[in-house]
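Chemist: Encoded as structure tokens, here's the structure I'll be asking about.
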Amino acid sequence: MSAEKKAALVPEVRELFEHTKEIDGVHGVELLTNCVDRANRYDWMIVLDMDKEALPKYDACGWHHRWKDEYGHLIDKKAIFDYEV
């Protein structure tokens with residue numbers, strides 16, 4: 001996907017993920033974009049600040065399914081990293 005296409009998708013994806021804050025236990029969401037266009041880099045980082053108990057609610061929510069259905073095919077590779085503070 002071209003850099004222009006990736007950039008054009010950012011507002012749509014950001015708006016979609018804003019809805020996750022409606023889930024009880026989700027405290028924040030942030031979409032960060034990579035500033036270096038190289039093949040060995042990821043394009044976006046989506047950071048969800050949530051309670052561990054909110055993860056099943058997020059997995060089941062319509063916005064998550066919309067993300068996977070509408071945008072999943074555009075992602076060549078991804079890393080999912082869960083952590084606790």
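Ordering of the structure tokens sets the chain letters (A, B, ...), residue numbers begin anew at 1 in every chain, and ligands are numbered from 1 in the order given.
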According to DSSP computed on the backbone, where in chain A is there strand (DSSP E or B)? Give the residues as a list in words.

Modeler: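 The strand (DSSP E or B) residues within chain A come out as Val26, His27, Gly28, Val29, Glu30, Leu31, Leu32, Thr33, Trp44, Met45, Ile46, Val47, Leu48, Asp49 and Met50 of chain A.
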
Chemist: Those residues with N, CA, C and O atoms, as a PDB file, in the first residue's frame please?

Modeler:
ATOM      1  N   VAL A  26     -11.954   0.485  29.380  1.00  0.00           N
ATOM      2  CA  VAL A  26     -10.997   1.056  28.435  1.00  0.00           C
ATOM      3  C   VAL A  26     -10.786   2.512  28.825  1.00  0.00           C
ATOM      4  O   VAL A  26     -11.736   3.283  28.897  1.00  0.00           O
ATOM      5  N   HIS A  27      -9.554   2.863  29.100  1.00  0.00           N
ATOM      6  CA  HIS A  27      -9.240   4.205  29.615  1.00  0.00           C
ATOM      7  C   HIS A  27      -8.718   5.155  28.551  1.00  0.00           C
ATOM      8  O   HIS A  27      -8.779   6.369  28.717  1.00  0.00           O
ATOM      9  N   GLY A  28      -8.188   4.619  27.480  1.00  0.00           N
ATOM     10  CA  GLY A  28      -7.661   5.488  26.438  1.00  0.00           C
ATOM     11  C   GLY A  28      -7.229   4.698  25.229  1.00  0.00           C
ATOM     12  O   GLY A  28      -7.037   3.489  25.283  1.00  0.00           O
ATOM     13  N   VAL A  29      -7.109   5.408  24.121  1.00  0.00           N
ATOM     14  CA  VAL A  29      -6.652   4.808  22.866  1.00  0.00           C
ATOM     15  C   VAL A  29      -5.807   5.843  22.138  1.00  0.00           C
ATOM     16  O   VAL A  29      -6.079   7.041  22.205  1.00  0.00           O
ATOM     17  N   GLU A  30      -4.756   5.365  21.503  1.00  0.00           N
ATOM     18  CA  GLU A  30      -3.862   6.253  20.765  1.00  0.00           C
ATOM     19  C   GLU A  30      -3.410   5.552  19.492  1.00  0.00           C
ATOM     20  O   GLU A  30      -3.042   4.382  19.518  1.00  0.00           O
ATOM     21  N   LEU A  31      -3.474   6.266  18.380  1.00  0.00           N
ATOM     22  CA  LEU A  31      -2.980   5.757  17.107  1.00  0.00           C
ATOM     23  C   LEU A  31      -1.744   6.559  16.747  1.00  0.00           C
ATOM     24  O   LEU A  31      -1.804   7.772  16.578  1.00  0.00           O
ATOM     25  N   LEU A  32      -0.616   5.875  16.682  1.00  0.00           N
ATOM     26  CA  LEU A  32       0.650   6.511  16.326  1.00  0.00           C
ATOM     27  C   LEU A  32       1.060   6.035  14.939  1.00  0.00           C
ATOM     28  O   LEU A  32       0.870   4.863  14.595  1.00  0.00           O
ATOM     29  N   THR A  33       1.619   6.935  14.155  1.00  0.00           N
ATOM     30  CA  THR A  33       2.065   6.574  12.815  1.00  0.00           C
ATOM     31  C   THR A  33       3.580   6.630  12.741  1.00  0.00           C
ATOM     32  O   THR A  33       4.215   7.461  13.378  1.00  0.00           O
ATOM     33  N   TRP A  44       1.688   1.575  11.722  1.00  0.00           N
ATOM     34  CA  TRP A  44       0.901   2.182  12.790  1.00  0.00           C
ATOM     35  C   TRP A  44       1.130   1.420  14.087  1.00  0.00           C
ATOM     36  O   TRP A  44       1.421   0.220  14.092  1.00  0.00           O
ATOM     37  N   MET A  45       0.929   2.132  15.185  1.00  0.00           N
ATOM     38  CA  MET A  45       0.878   1.487  16.490  1.00  0.00           C
ATOM     39  C   MET A  45      -0.396   1.976  17.163  1.00  0.00           C
ATOM     40  O   MET A  45      -0.600   3.185  17.305  1.00  0.00           O
ATOM     41  N   ILE A  46      -1.235   1.041  17.513  1.00  0.00           N
ATOM     42  CA  ILE A  46      -2.482   1.361  18.198  1.00  0.00           C
ATOM     43  C   ILE A  46      -2.313   0.924  19.642  1.00  0.00           C
ATOM     44  O   ILE A  46      -2.102  -0.255  19.925  1.00  0.00           O
ATOM     45  N   VAL A  47      -2.368   1.880  20.546  1.00  0.00           N
ATOM     46  CA  VAL A  47      -2.167   1.616  21.965  1.00  0.00           C
ATOM     47  C   VAL A  47      -3.513   1.736  22.668  1.00  0.00           C
ATOM     48  O   VAL A  47      -4.143   2.793  22.634  1.00  0.00           O
ATOM     49  N   LEU A  48      -3.950   0.644  23.275  1.00  0.00           N
ATOM     50  CA  LEU A  48      -5.181   0.637  24.059  1.00  0.00           C
ATOM     51  C   LEU A  48      -4.815   0.509  25.527  1.00  0.00           C
ATOM     52  O   LEU A  48      -4.153  -0.443  25.921  1.00  0.00           O
ATOM     53  N   ASP A  49      -5.240   1.475  26.317  1.00  0.00           N
ATOM     54  CA  ASP A  49      -5.043   1.434  27.761  1.00  0.00           C
ATOM     55  C   ASP A  49      -6.335   0.891  28.360  1.00  0.00           C
ATOM     56  O   ASP A  49      -7.372   1.562  28.313  1.00  0.00           O
ATOM     57  N   MET A  50      -6.270  -0.341  28.849  1.00  0.00           N
ATOM     58  CA  MET A  50      -7.486  -0.966  29.367  1.00  0.00           C
ATOM     59  C   MET A  50      -7.173  -1.882  30.536  1.00  0.00           C
ATOM     60  O   MET A  50      -6.050  -2.372  30.677  1.00  0.00           O
TER      61      MET A  50
END

Chemist: Lys57 in chain A: which residues within 12 Å, counting only C-alpha atoms, same-chain residues fewer than 4 positions away excluded, as a ChimeraX atom specification?

Modeler: /A:20-26,50-53,61-65

Chemist: Just to be explicit: take each residue in the selection above, keep N, CA, C and O atoms, and write the result as a PDB file, in the first residue's frame.

Modeler:
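For reference, result22.pdb as written:
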ATOM      1  N   THR A  20     -13.747   2.604  21.059  1.00  0.00           N
ATOM      2  CA  THR A  20     -13.387   1.616  22.080  1.00  0.00           C
ATOM      3  C   THR A  20     -13.417   2.219  23.478  1.00  0.00           C
ATOM      4  O   THR A  20     -13.565   1.495  24.456  1.00  0.00           O
ATOM      5  N   LYS A  21     -13.306   3.546  23.575  1.00  0.00           N
ATOM      6  CA  LYS A  21     -13.363   4.185  24.896  1.00  0.00           C
ATOM      7  C   LYS A  21     -14.754   4.095  25.510  1.00  0.00           C
ATOM      8  O   LYS A  21     -14.918   4.374  26.686  1.00  0.00           O
ATOM      9  N   GLU A  22     -15.735   3.664  24.717  1.00  0.00           N
ATOM     10  CA  GLU A  22     -17.089   3.466  25.234  1.00  0.00           C
ATOM     11  C   GLU A  22     -17.215   2.151  26.002  1.00  0.00           C
ATOM     12  O   GLU A  22     -18.207   1.920  26.675  1.00  0.00           O
ATOM     13  N   ILE A  23     -16.227   1.293  25.892  1.00  0.00           N
ATOM     14  CA  ILE A  23     -16.232   0.005  26.590  1.00  0.00           C
ATOM     15  C   ILE A  23     -15.778   0.227  28.025  1.00  0.00           C
ATOM     16  O   ILE A  23     -14.746   0.864  28.266  1.00  0.00           O
ATOM     17  N   ASP A  24     -16.546  -0.301  28.956  1.00  0.00           N
ATOM     18  CA  ASP A  24     -16.194  -0.196  30.371  1.00  0.00           C
ATOM     19  C   ASP A  24     -14.829  -0.843  30.600  1.00  0.00           C
ATOM     20  O   ASP A  24     -14.596  -1.983  30.200  1.00  0.00           O
ATOM     21  N   GLY A  25     -13.919  -0.097  31.193  1.00  0.00           N
ATOM     22  CA  GLY A  25     -12.586  -0.602  31.476  1.00  0.00           C
ATOM     23  C   GLY A  25     -11.534  -0.152  30.475  1.00  0.00           C
ATOM     24  O   GLY A  25     -10.354  -0.385  30.690  1.00  0.00           O
ATOM     25  N   VAL A  26     -11.954   0.485  29.380  1.00  0.00           N
ATOM     26  CA  VAL A  26     -10.997   1.056  28.435  1.00  0.00           C
ATOM     27  C   VAL A  26     -10.786   2.512  28.825  1.00  0.00           C
ATOM     28  O   VAL A  26     -11.736   3.283  28.897  1.00  0.00           O
ATOM     29  N   MET A  50      -6.270  -0.341  28.849  1.00  0.00           N
ATOM     30  CA  MET A  50      -7.486  -0.966  29.367  1.00  0.00           C
ATOM     31  C   MET A  50      -7.173  -1.882  30.536  1.00  0.00           C
ATOM     32  O   MET A  50      -6.050  -2.372  30.677  1.00  0.00           O
ATOM     33  N   ASP A  51      -8.185  -2.092  31.339  1.00  0.00           N
ATOM     34  CA  ASP A  51      -8.096  -3.095  32.389  1.00  0.00           C
ATOM     35  C   ASP A  51      -8.064  -4.472  31.727  1.00  0.00           C
ATOM     36  O   ASP A  51      -8.648  -4.672  30.653  1.00  0.00           O
ATOM     37  N   LYS A  52      -7.400  -5.399  32.360  1.00  0.00           N
ATOM     38  CA  LYS A  52      -7.300  -6.759  31.807  1.00  0.00           C
ATOM     39  C   LYS A  52      -8.691  -7.356  31.564  1.00  0.00           C
ATOM     40  O   LYS A  52      -8.912  -8.055  30.592  1.00  0.00           O
ATOM     41  N   GLU A  53      -9.630  -7.014  32.433  1.00  0.00           N
ATOM     42  CA  GLU A  53     -10.983  -7.545  32.328  1.00  0.00           C
ATOM     43  C   GLU A  53     -11.739  -6.969  31.124  1.00  0.00           C
ATOM     44  O   GLU A  53     -12.775  -7.512  30.722  1.00  0.00           O
ATOM     45  N   CYS A  61     -16.558  -6.684  20.776  1.00  0.00           N
ATOM     46  CA  CYS A  61     -17.288  -5.483  20.353  1.00  0.00           C
ATOM     47  C   CYS A  61     -17.334  -5.347  18.833  1.00  0.00           C
ATOM     48  O   CYS A  61     -16.468  -5.830  18.108  1.00  0.00           O
ATOM     49  N   GLY A  62     -18.356  -4.667  18.365  1.00  0.00           N
ATOM     50  CA  GLY A  62     -18.554  -4.466  16.940  1.00  0.00           C
ATOM     51  C   GLY A  62     -17.441  -3.681  16.281  1.00  0.00           C
ATOM     52  O   GLY A  62     -17.102  -3.925  15.115  1.00  0.00           O
ATOM     53  N   TRP A  63     -16.839  -2.739  16.988  1.00  0.00           N
ATOM     54  CA  TRP A  63     -15.776  -1.921  16.394  1.00  0.00           C
ATOM     55  C   TRP A  63     -14.538  -2.768  16.118  1.00  0.00           C
ATOM     56  O   TRP A  63     -13.876  -2.577  15.114  1.00  0.00           O
ATOM     57  N   HIS A  64     -14.244  -3.689  17.035  1.00  0.00           N
ATOM     58  CA  HIS A  64     -13.104  -4.570  16.818  1.00  0.00           C
ATOM     59  C   HIS A  64     -13.349  -5.454  15.599  1.00  0.00           C
ATOM     60  O   HIS A  64     -12.451  -5.649  14.771  1.00  0.00           O
ATOM     61  N   HIS A  65     -14.552  -5.976  15.485  1.00  0.00           N
ATOM     62  CA  HIS A  65     -14.876  -6.816  14.334  1.00  0.00           C
ATOM     63  C   HIS A  65     -14.876  -6.000  13.039  1.00  0.00           C
ATOM     64  O   HIS A  65     -14.427  -6.486  12.002  1.00  0.00           O
TER      65      HIS A  65
END

Chemist: In Å to one decimal, how far is CA of Leu55 in chain A from CA of Asn40 in chain A?

Modeler: 28.7 Å

Chemist: For Ala39 in chain A, which of A:Lys5, A:His19, A:Arg14, A:Lys77 is the closest residue, counting only C-alpha atoms?

Modeler: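 Closest to Ala39 in chain A, using only C-alpha atoms: A:Lys77.
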
Chemist: How many Å lie between CA of Asn34 in chain A and CA of Asp82 in chain A, rounded to one decimal?

Modeler: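 CA of Asp82 in chain A lies 20.0 Å from CA of Asn34 in chain A.
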
Chemist: Taking the DSSP assignment computed from this structure's backbone, write out as a PyMOL selection string all residues of chain A that belong to helix (DSSP H, G or I).

Modeler: chain A and resi 3-22+52-60+62-74

Chemist: My list of candidates is A:Trp67, A:Asp76, A:Cys35, A:Met1. Which is closest to Glu15 in chain A when distances are computed with only C-alpha atoms?

Modeler: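 Checking each of A:Trp67, A:Asp76, A:Cys35, A:Met1 against Glu15 in chain A, counting only C-alpha atoms, the winner is A:Trp67.
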